[in-house]
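Undergrad: Structure: final-v3.cif, mmCIF, C-alpha atoms and all ligand atoms; chains and numbers go by the auth columns.
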```cif
data_coords
#
loop_
_atom_site.group_PDB
_atom_site.id
_atom_site.type_symbol
_atom_site.label_atom_id
_atom_site.label_comp_id
_atom_site.label_asym_id
_atom_site.label_seq_id
_atom_site.Cartn_x
_atom_site.Cartn_y
_atom_site.Cartn_z
_atom_site.B_iso_or_equiv
_atom_site.auth_seq_id
_atom_site.auth_asym_id
ATOM 1 C CA SER A 1 97.105 96.946 128.368 0.00 1 T
ATOM 2 C CA PRO A 2 93.953 94.856 128.632 0.00 2 T
ATOM 3 C CA VAL A 3 93.355 95.297 124.873 0.00 3 T
ATOM 4 C CA ASP A 4 94.440 92.590 122.443 0.00 4 T
ATOM 5 C CA PHE A 5 94.635 93.515 118.764 0.00 5 T
ATOM 6 C CA SER A 6 96.132 90.160 117.745 0.00 6 T
ATOM 7 C CA GLY A 7 94.572 88.243 114.908 0.00 7 T
ATOM 8 C CA THR A 8 93.786 88.211 111.236 0.00 8 T
ATOM 9 C CA TRP A 9 91.370 90.905 110.160 0.00 9 T
ATOM 10 C CA GLU A 10 89.457 91.444 106.911 0.00 10 T
ATOM 11 C CA MET A 11 88.292 94.837 105.723 0.00 11 T
ATOM 12 C CA VAL A 12 84.552 95.459 105.722 0.00 12 T
ATOM 13 C CA ALA A 13 84.491 99.266 105.317 0.00 13 T
ATOM 14 C CA ASN A 14 86.840 101.889 103.878 0.00 14 T
ATOM 15 C CA ASP A 15 85.539 105.470 103.926 0.00 15 T
ATOM 16 C CA LYS A 16 87.468 108.409 102.390 0.00 16 T
ATOM 17 C CA TRP A 17 90.220 106.064 101.184 0.00 17 T
ATOM 18 C CA ASP A 18 90.588 107.880 97.851 0.00 18 T
ATOM 19 C CA ASP A 19 90.827 111.273 99.610 0.00 19 T
ATOM 20 C CA TYR A 20 93.487 109.895 101.947 0.00 20 T
ATOM 21 C CA MET A 21 95.540 108.558 99.021 0.00 21 T
ATOM 22 C CA LYS A 22 95.132 111.891 97.191 0.00 22 T
ATOM 23 C CA VAL A 23 96.518 113.873 100.114 0.00 23 T
ATOM 24 C CA LEU A 24 99.529 111.525 100.045 0.00 24 T
ATOM 25 C CA ASP A 25 99.984 112.375 96.315 0.00 25 T
ATOM 26 C CA ILE A 26 99.243 108.845 95.084 0.00 26 T
ATOM 27 C CA ASP A 27 98.693 108.935 91.319 0.00 27 T
ATOM 28 C CA PHE A 28 95.304 108.376 89.672 0.00 28 T
ATOM 29 C CA ALA A 29 96.004 104.912 88.234 0.00 29 T
ATOM 30 C CA THR A 30 97.334 103.558 91.529 0.00 30 T
ATOM 31 C CA ARG A 31 94.365 105.049 93.414 0.00 31 T
ATOM 32 C CA LYS A 32 91.900 103.356 91.051 0.00 32 T
ATOM 33 C CA LEU A 33 93.592 99.982 91.558 0.00 33 T
ATOM 34 C CA ALA A 34 93.921 100.520 95.310 0.00 34 T
ATOM 35 C CA GLY A 35 90.219 101.408 95.479 0.00 35 T
ATOM 36 C CA LEU A 36 89.326 97.856 94.486 0.00 36 T
ATOM 37 C CA LEU A 37 91.408 96.153 97.164 0.00 37 T
ATOM 38 C CA LYS A 38 90.187 93.990 99.996 0.00 38 T
ATOM 39 C CA ILE A 39 92.788 94.795 102.617 0.00 39 T
ATOM 40 C CA ARG A 40 93.705 92.372 105.386 0.00 40 T
ATOM 41 C CA LYS A 41 95.676 92.961 108.573 0.00 41 T
ATOM 42 C CA GLU A 42 97.651 90.405 110.497 0.00 42 T
ATOM 43 C CA VAL A 43 98.444 91.770 113.924 0.00 43 T
ATOM 44 C CA LYS A 44 100.756 90.262 116.513 0.00 44 T
ATOM 45 C CA GLN A 45 100.838 91.832 119.961 0.00 45 T
ATOM 46 C CA ASP A 46 103.167 90.875 122.770 0.00 46 T
ATOM 47 C CA GLY A 47 102.726 93.374 125.579 0.00 47 T
ATOM 48 C CA ASP A 48 103.747 96.710 124.085 0.00 48 T
ATOM 49 C CA SER A 49 105.474 95.119 121.064 0.00 49 T
ATOM 50 C CA PHE A 50 103.492 95.005 117.837 0.00 50 T
ATOM 51 C CA THR A 51 103.768 93.716 114.314 0.00 51 T
ATOM 52 C CA PHE A 52 101.220 94.924 111.779 0.00 52 T
ATOM 53 C CA LYS A 53 101.131 93.262 108.368 0.00 53 T
ATOM 54 C CA THR A 54 98.835 95.093 105.976 0.00 54 T
ATOM 55 C CA MET A 55 98.178 92.879 102.969 0.00 55 T
ATOM 56 C CA SER A 56 96.509 93.163 99.587 0.00 56 T
ATOM 57 C CA SER A 57 96.888 91.775 96.090 0.00 57 T
ATOM 58 C CA LEU A 58 98.660 95.036 95.066 0.00 58 T
ATOM 59 C CA ARG A 59 101.039 95.770 97.949 0.00 59 T
ATOM 60 C CA ASN A 60 102.006 94.498 101.373 0.00 60 T
ATOM 61 C CA TYR A 61 103.241 96.727 104.155 0.00 61 T
ATOM 62 C CA ASP A 62 104.859 95.533 107.390 0.00 62 T
ATOM 63 C CA LEU A 63 105.444 97.601 110.500 0.00 63 T
ATOM 64 C CA SER A 64 106.951 96.571 113.842 0.00 64 T
ATOM 65 C CA PHE A 65 107.197 98.890 116.820 0.00 65 T
ATOM 66 C CA THR A 66 107.199 99.203 120.579 0.00 66 T
ATOM 67 C CA VAL A 67 104.750 101.581 122.224 0.00 67 T
ATOM 68 C CA GLY A 68 106.454 104.771 123.407 0.00 68 T
ATOM 69 C CA VAL A 69 109.631 104.303 121.339 0.00 69 T
ATOM 70 C CA GLU A 70 110.141 106.728 118.437 0.00 70 T
ATOM 71 C CA PHE A 71 111.540 105.226 115.239 0.00 71 T
ATOM 72 C CA THR A 72 112.145 106.075 111.583 0.00 72 T
ATOM 73 C CA GLU A 73 109.440 104.683 109.324 0.00 73 T
ATOM 74 C CA HIS A 74 109.879 104.443 105.566 0.00 74 T
ATOM 75 C CA THR A 75 106.489 103.965 103.940 0.00 75 T
ATOM 76 C CA LYS A 76 108.029 101.741 101.275 0.00 76 T
ATOM 77 C CA GLY A 77 105.699 100.825 98.428 0.00 77 T
ATOM 78 C CA LEU A 78 103.069 103.245 99.727 0.00 78 T
ATOM 79 C CA ASP A 79 103.882 106.970 99.379 0.00 79 T
ATOM 80 C CA ASN A 80 107.599 106.236 99.928 0.00 80 T
ATOM 81 C CA ARG A 81 108.146 108.952 102.512 0.00 81 T
ATOM 82 C CA THR A 82 110.269 108.902 105.639 0.00 82 T
ATOM 83 C CA VAL A 83 108.536 109.870 108.870 0.00 83 T
ATOM 84 C CA GLN A 84 109.436 109.880 112.557 0.00 84 T
ATOM 85 C CA THR A 85 106.873 107.619 114.138 0.00 85 T
ATOM 86 C CA THR A 86 105.711 107.192 117.729 0.00 86 T
ATOM 87 C CA VAL A 87 102.832 105.017 118.896 0.00 87 T
ATOM 88 C CA ARG A 88 101.224 105.617 122.278 0.00 88 T
ATOM 89 C CA TRP A 89 98.347 104.271 124.318 0.00 89 T
ATOM 90 C CA GLU A 90 95.456 106.675 124.794 0.00 90 T
ATOM 91 C CA GLY A 91 93.264 104.625 127.090 0.00 91 T
ATOM 92 C CA GLU A 92 92.473 101.515 125.067 0.00 92 T
ATOM 93 C CA ARG A 93 93.334 103.171 121.751 0.00 93 T
ATOM 94 C CA LEU A 94 96.649 102.806 119.989 0.00 94 T
ATOM 95 C CA VAL A 95 97.530 106.249 118.627 0.00 95 T
ATOM 96 C CA CYS A 96 100.320 106.804 116.103 0.00 96 T
ATOM 97 C CA GLU A 97 101.975 110.074 115.167 0.00 97 T
ATOM 98 C CA GLN A 98 103.980 110.229 111.911 0.00 98 T
ATOM 99 C CA LYS A 99 106.036 113.428 111.882 0.00 99 T
ATOM 100 C CA GLY A 100 107.374 114.500 108.492 0.00 100 T
ATOM 101 C CA GLU A 101 106.603 116.418 105.337 0.00 101 T
ATOM 102 C CA LYS A 102 102.832 115.956 105.643 0.00 102 T
ATOM 103 C CA PRO A 103 101.137 117.762 108.536 0.00 103 T
ATOM 104 C CA GLY A 104 98.749 116.023 110.918 0.00 104 T
ATOM 105 C CA ARG A 105 99.727 112.551 109.800 0.00 105 T
ATOM 106 C CA GLY A 106 99.039 109.477 111.878 0.00 106 T
ATOM 107 C CA TRP A 107 96.591 106.721 112.654 0.00 107 T
ATOM 108 C CA SER A 108 94.571 105.298 115.508 0.00 108 T
ATOM 109 C CA HIS A 109 93.347 101.760 116.217 0.00 109 T
ATOM 110 C CA TRP A 110 90.721 100.488 118.592 0.00 110 T
ATOM 111 C CA ILE A 111 88.415 97.497 119.075 0.00 111 T
ATOM 112 C CA GLN A 112 84.678 98.054 119.088 0.00 112 T
ATOM 113 C CA ASP A 113 82.018 95.319 119.066 0.00 113 T
ATOM 114 C CA GLY A 114 84.671 92.727 118.218 0.00 114 T
ATOM 115 C CA GLN A 115 85.817 94.639 115.137 0.00 115 T
ATOM 116 C CA LEU A 116 89.126 96.370 114.502 0.00 116 T
ATOM 117 C CA HIS A 117 88.738 100.068 113.728 0.00 117 T
ATOM 118 C CA LEU A 118 91.372 102.233 112.061 0.00 118 T
ATOM 119 C CA GLU A 119 91.435 105.944 111.367 0.00 119 T
ATOM 120 C CA LEU A 120 94.159 107.058 108.967 0.00 120 T
ATOM 121 C CA THR A 121 94.679 110.826 109.164 0.00 121 T
ATOM 122 C CA CYS A 122 96.681 113.257 107.045 0.00 122 T
ATOM 123 C CA ASP A 123 96.381 117.019 106.605 0.00 123 T
ATOM 124 C CA GLY A 124 92.755 117.142 107.754 0.00 124 T
ATOM 125 C CA VAL A 125 91.607 114.055 105.823 0.00 125 T
ATOM 126 C CA VAL A 126 90.326 111.129 107.878 0.00 126 T
ATOM 127 C CA CYS A 127 89.994 107.709 106.250 0.00 127 T
ATOM 128 C CA LYS A 128 87.991 105.241 108.337 0.00 128 T
ATOM 129 C CA GLN A 129 88.538 101.507 107.928 0.00 129 T
ATOM 130 C CA VAL A 130 86.784 98.675 109.761 0.00 130 T
ATOM 131 C CA PHE A 131 87.905 95.036 109.857 0.00 131 T
ATOM 132 C CA LYS A 132 86.136 91.899 111.039 0.00 132 T
ATOM 133 C CA LYS A 133 87.896 88.905 112.524 0.00 133 T
ATOM 134 C CA ALA A 134 88.768 86.398 109.779 0.00 134 T
HETATM 135 C C1 LIG B . 98.945 101.454 105.324 0.00 201 P
HETATM 136 C C2 LIG B . 98.297 103.311 102.183 0.00 201 P
HETATM 137 C C3 LIG B . 98.214 104.843 100.199 0.00 201 P
HETATM 138 C C4 LIG B . 99.612 103.841 98.379 0.00 201 P
HETATM 139 C C5 LIG B . 98.557 100.713 97.424 0.00 201 P
HETATM 140 C C6 LIG B . 97.621 100.478 98.543 0.00 201 P
HETATM 141 C C7 LIG B . 98.035 99.220 99.281 0.00 201 P
HETATM 142 C C8 LIG B . 97.771 97.887 101.351 0.00 201 P
HETATM 143 O O1 LIG B . 99.747 102.679 108.020 0.00 201 P
HETATM 144 C C9 LIG B . 98.941 101.837 107.787 0.00 201 P
HETATM 145 O O2 LIG B . 98.676 100.856 108.672 0.00 201 P
HETATM 146 C C10 LIG B . 99.151 100.992 109.990 0.00 201 P
HETATM 147 C C11 LIG B . 97.986 100.791 110.922 0.00 201 P
HETATM 148 O O3 LIG B . 97.375 99.532 110.756 0.00 201 P
HETATM 149 C C12 LIG B . 100.205 99.922 110.224 0.00 201 P
HETATM 150 O O4 LIG B . 101.268 100.067 109.341 0.00 201 P
HETATM 151 C C13 LIG B . 98.135 101.852 106.527 0.00 201 P
HETATM 152 C C14 LIG B . 98.163 101.737 104.068 0.00 201 P
HETATM 153 C C15 LIG B . 98.222 103.203 103.673 0.00 201 P
HETATM 154 C C16 LIG B . 98.320 104.772 101.728 0.00 201 P
HETATM 155 C C17 LIG B . 99.488 104.510 99.506 0.00 201 P
HETATM 156 C C18 LIG B . 98.508 103.241 97.571 0.00 201 P
HETATM 157 C C19 LIG B . 98.930 101.926 96.972 0.00 201 P
HETATM 158 C C20 LIG B . 97.345 99.128 100.595 0.00 201 P
HETATM 159 C C21 LIG B . 99.191 97.890 101.829 0.00 201 P
#
```
For the structure just supplied, provide its representation as structure tokens.
TA:
Amino acid sequence: SPVDFSGTWEMVANDKWDDYMKVLDIDFATRKLAGLLKIRKEVKQDGDSFTFKTMSSLRNYDLSFTVGVEFTEHTKGLDNRTVQTTVRWEGERLVCEQKGEKPGRGWSHWIQDGQLHLELTCDGVVCKQVFKKA
């Protein structure tokens, strides 16, 4: 792929974050704390191999995967569910499907105007996050 997601990214926008957490059954107190977070991503890309580190003062979440290879993801420290995850290229977008208890769950990443965009989707809710290069 000609796209390179590598780098350290700082959140500049987070739309429908509370709705997304609600649909994942995150409790009120945790949602209020999570709503205050400045989330950062550290992304390492080597061909089709990726490591995403999502970091905040409340929780960190690490995910490594290879495009096209299904794996079992445990969303440890988040909603603590187990999903069957596959990430694919759709053009220059990285599109993830997380099959499990929650319908229509997944995410999509792309680069636009030098910023990292992320849509987190679950059961009809779409949370939109934007990150600038640190
Ligand atoms: C991961 C969180 C709400 C619990 C704490 C919030 C801590 C920081 O899947 C994700 O990223 C992908 C794509 O970049 C790579 O793994 C997003 C955050 C979803 C859902 C759960 C609220 C408590 C946020 C870790």
Undergrad: Could the residues of chain T that have an atom at most 9 Å from ligand LIG 201 (chain P) be listed as JSON lines, each with its closest atom pair and the distance in Å to one decimal, counting only C-alpha atoms and all ligand atoms and ordered by chain and ascending residue number?
TA:
```
{"residue": "T:Trp17", "atom": "CA", "partner": "P:LIG201", "partner_atom": "C3", "distance": 8.1}
{"residue": "T:Asp18", "atom": "CA", "partner": "P:LIG201", "partner_atom": "C3", "distance": 8.5}
{"residue": "T:Tyr20", "atom": "CA", "partner": "P:LIG201", "partner_atom": "C16", "distance": 7.0}
{"residue": "T:Met21", "atom": "CA", "partner": "P:LIG201", "partner_atom": "C3", "distance": 4.7}
{"residue": "T:Lys22", "atom": "CA", "partner": "P:LIG201", "partner_atom": "C3", "distance": 8.3}
{"residue": "T:Leu24", "atom": "CA", "partner": "P:LIG201", "partner_atom": "C3", "distance": 6.8}
{"residue": "T:Asp25", "atom": "CA", "partner": "P:LIG201", "partner_atom": "C17", "distance": 8.5}
{"residue": "T:Ile26", "atom": "CA", "partner": "P:LIG201", "partner_atom": "C4", "distance": 6.0}
{"residue": "T:Asp27", "atom": "CA", "partner": "P:LIG201", "partner_atom": "C18", "distance": 8.5}
{"residue": "T:Thr30", "atom": "CA", "partner": "P:LIG201", "partner_atom": "C19", "distance": 5.9}
{"residue": "T:Arg31", "atom": "CA", "partner": "P:LIG201", "partner_atom": "C18", "distance": 6.1}
{"residue": "T:Leu33", "atom": "CA", "partner": "P:LIG201", "partner_atom": "C5", "distance": 7.7}
{"residue": "T:Ala34", "atom": "CA", "partner": "P:LIG201", "partner_atom": "C6", "distance": 4.9}
{"residue": "T:Gly35", "atom": "CA", "partner": "P:LIG201", "partner_atom": "C6", "distance": 8.1}
{"residue": "T:Leu37", "atom": "CA", "partner": "P:LIG201", "partner_atom": "C20", "distance": 7.5}
{"residue": "T:Lys38", "atom": "CA", "partner": "P:LIG201", "partner_atom": "C8", "distance": 8.6}
{"residue": "T:Ile39", "atom": "CA", "partner": "P:LIG201", "partner_atom": "C8", "distance": 6.0}
{"residue": "T:Arg40", "atom": "CA", "partner": "P:LIG201", "partner_atom": "C8", "distance": 8.0}
{"residue": "T:Lys41", "atom": "CA", "partner": "P:LIG201", "partner_atom": "O3", "distance": 7.1}
{"residue": "T:Val43", "atom": "CA", "partner": "P:LIG201", "partner_atom": "O3", "distance": 8.5}
{"residue": "T:Thr51", "atom": "CA", "partner": "P:LIG201", "partner_atom": "C12", "distance": 8.2}
{"residue": "T:Phe52", "atom": "CA", "partner": "P:LIG201", "partner_atom": "C12", "distance": 5.3}
{"residue": "T:Lys53", "atom": "CA", "partner": "P:LIG201", "partner_atom": "O4", "distance": 6.9}
{"residue": "T:Thr54", "atom": "CA", "partner": "P:LIG201", "partner_atom": "C21", "distance": 5.0}
{"residue": "T:Met55", "atom": "CA", "partner": "P:LIG201", "partner_atom": "C21", "distance": 5.2}
{"residue": "T:Ser56", "atom": "CA", "partner": "P:LIG201", "partner_atom": "C8", "distance": 5.2}
{"residue": "T:Ser57", "atom": "CA", "partner": "P:LIG201", "partner_atom": "C8", "distance": 8.1}
{"residue": "T:Leu58", "atom": "CA", "partner": "P:LIG201", "partner_atom": "C7", "distance": 6.0}
{"residue": "T:Arg59", "atom": "CA", "partner": "P:LIG201", "partner_atom": "C7", "distance": 4.8}
{"residue": "T:Asn60", "atom": "CA", "partner": "P:LIG201", "partner_atom": "C21", "distance": 4.4}
{"residue": "T:Tyr61", "atom": "CA", "partner": "P:LIG201", "partner_atom": "C21", "distance": 4.8}
{"residue": "T:Asp62", "atom": "CA", "partner": "P:LIG201", "partner_atom": "O4", "distance": 6.1}
{"residue": "T:Leu63", "atom": "CA", "partner": "P:LIG201", "partner_atom": "O4", "distance": 5.0}
{"residue": "T:Ser64", "atom": "CA", "partner": "P:LIG201", "partner_atom": "O4", "distance": 8.0}
{"residue": "T:Thr75", "atom": "CA", "partner": "P:LIG201", "partner_atom": "O1", "distance": 8.0}
{"residue": "T:Gly77", "atom": "CA", "partner": "P:LIG201", "partner_atom": "C4", "distance": 6.8}
{"residue": "T:Leu78", "atom": "CA", "partner": "P:LIG201", "partner_atom": "C4", "distance": 3.8}
{"residue": "T:Asp79", "atom": "CA", "partner": "P:LIG201", "partner_atom": "C17", "distance": 5.0}
{"residue": "T:Asn80", "atom": "CA", "partner": "P:LIG201", "partner_atom": "C17", "distance": 8.3}
{"residue": "T:Cys96", "atom": "CA", "partner": "P:LIG201", "partner_atom": "C11", "distance": 8.3}
{"residue": "T:Gly106", "atom": "CA", "partner": "P:LIG201", "partner_atom": "O1", "distance": 7.8}
{"residue": "T:Trp107", "atom": "CA", "partner": "P:LIG201", "partner_atom": "C11", "distance": 6.3}
{"residue": "T:Ser108", "atom": "CA", "partner": "P:LIG201", "partner_atom": "C11", "distance": 7.3}
{"residue": "T:His109", "atom": "CA", "partner": "P:LIG201", "partner_atom": "C11", "distance": 7.1}
{"residue": "T:Leu118", "atom": "CA", "partner": "P:LIG201", "partner_atom": "O3", "distance": 6.7}
{"residue": "T:Glu119", "atom": "CA", "partner": "P:LIG201", "partner_atom": "C11", "distance": 8.3}
{"residue": "T:Leu120", "atom": "CA", "partner": "P:LIG201", "partner_atom": "C13", "distance": 7.0}
```
Undergrad: Measure the distance from atom CA of Asp19 of chain T to atom CA of Cys122 of chain T in Å and round it to one decimal.
TA: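 The value is 9.7 Å.
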Undergrad: Tell me which of T:Glu70, T:Asp123, T:Asp15, T:Asp48 sits closest to Arg105 of chain T, counting only C-alpha atoms.
TA: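 Nearest candidate to Arg105 of chain T out of T:Glu70, T:Asp123, T:Asp15, T:Asp48: T:Asp123.
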Undergrad: Please, what distance in Å, to one decimal, runs between atom CA of Val130 of chain T and atom CA of Trp9 of chain T?
TA: 9.0 Å
Undergrad: What is the distance between atom CA of Gly114 of chain T and atom CA of Ser49 of chain T, in Å to one decimal?
TA: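 Here the two named atoms are 21.1 Å from each other.
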Undergrad: Which of these, T:Thr85, T:Gln115, T:Gln45, T:Thr66, has the shortest distance to Glu10 of chain T once you count all atoms listed in the file?
TA: T:Gln115
Undergrad: Would you write out, as a PyMOL selection string, every residue that the PyMOL selection byres (((chain T and resi 5) around 9) and not hetatm) captures in this file?
TA: chain T and resi 3-4+6-7+43-45+109-111+116
Undergrad: Report the centre and edge lengths, in Å to one decimal, of an axis-aligned box enclosing every atom of segment 48-63 of chain T listed in the file, padded by 5 Å on each side, as JSON.
TA:
```
{"center_x": 101.0, "center_y": 94.7, "center_z": 109.6, "size_x": 19.0, "size_y": 15.8, "size_z": 39.0}
```
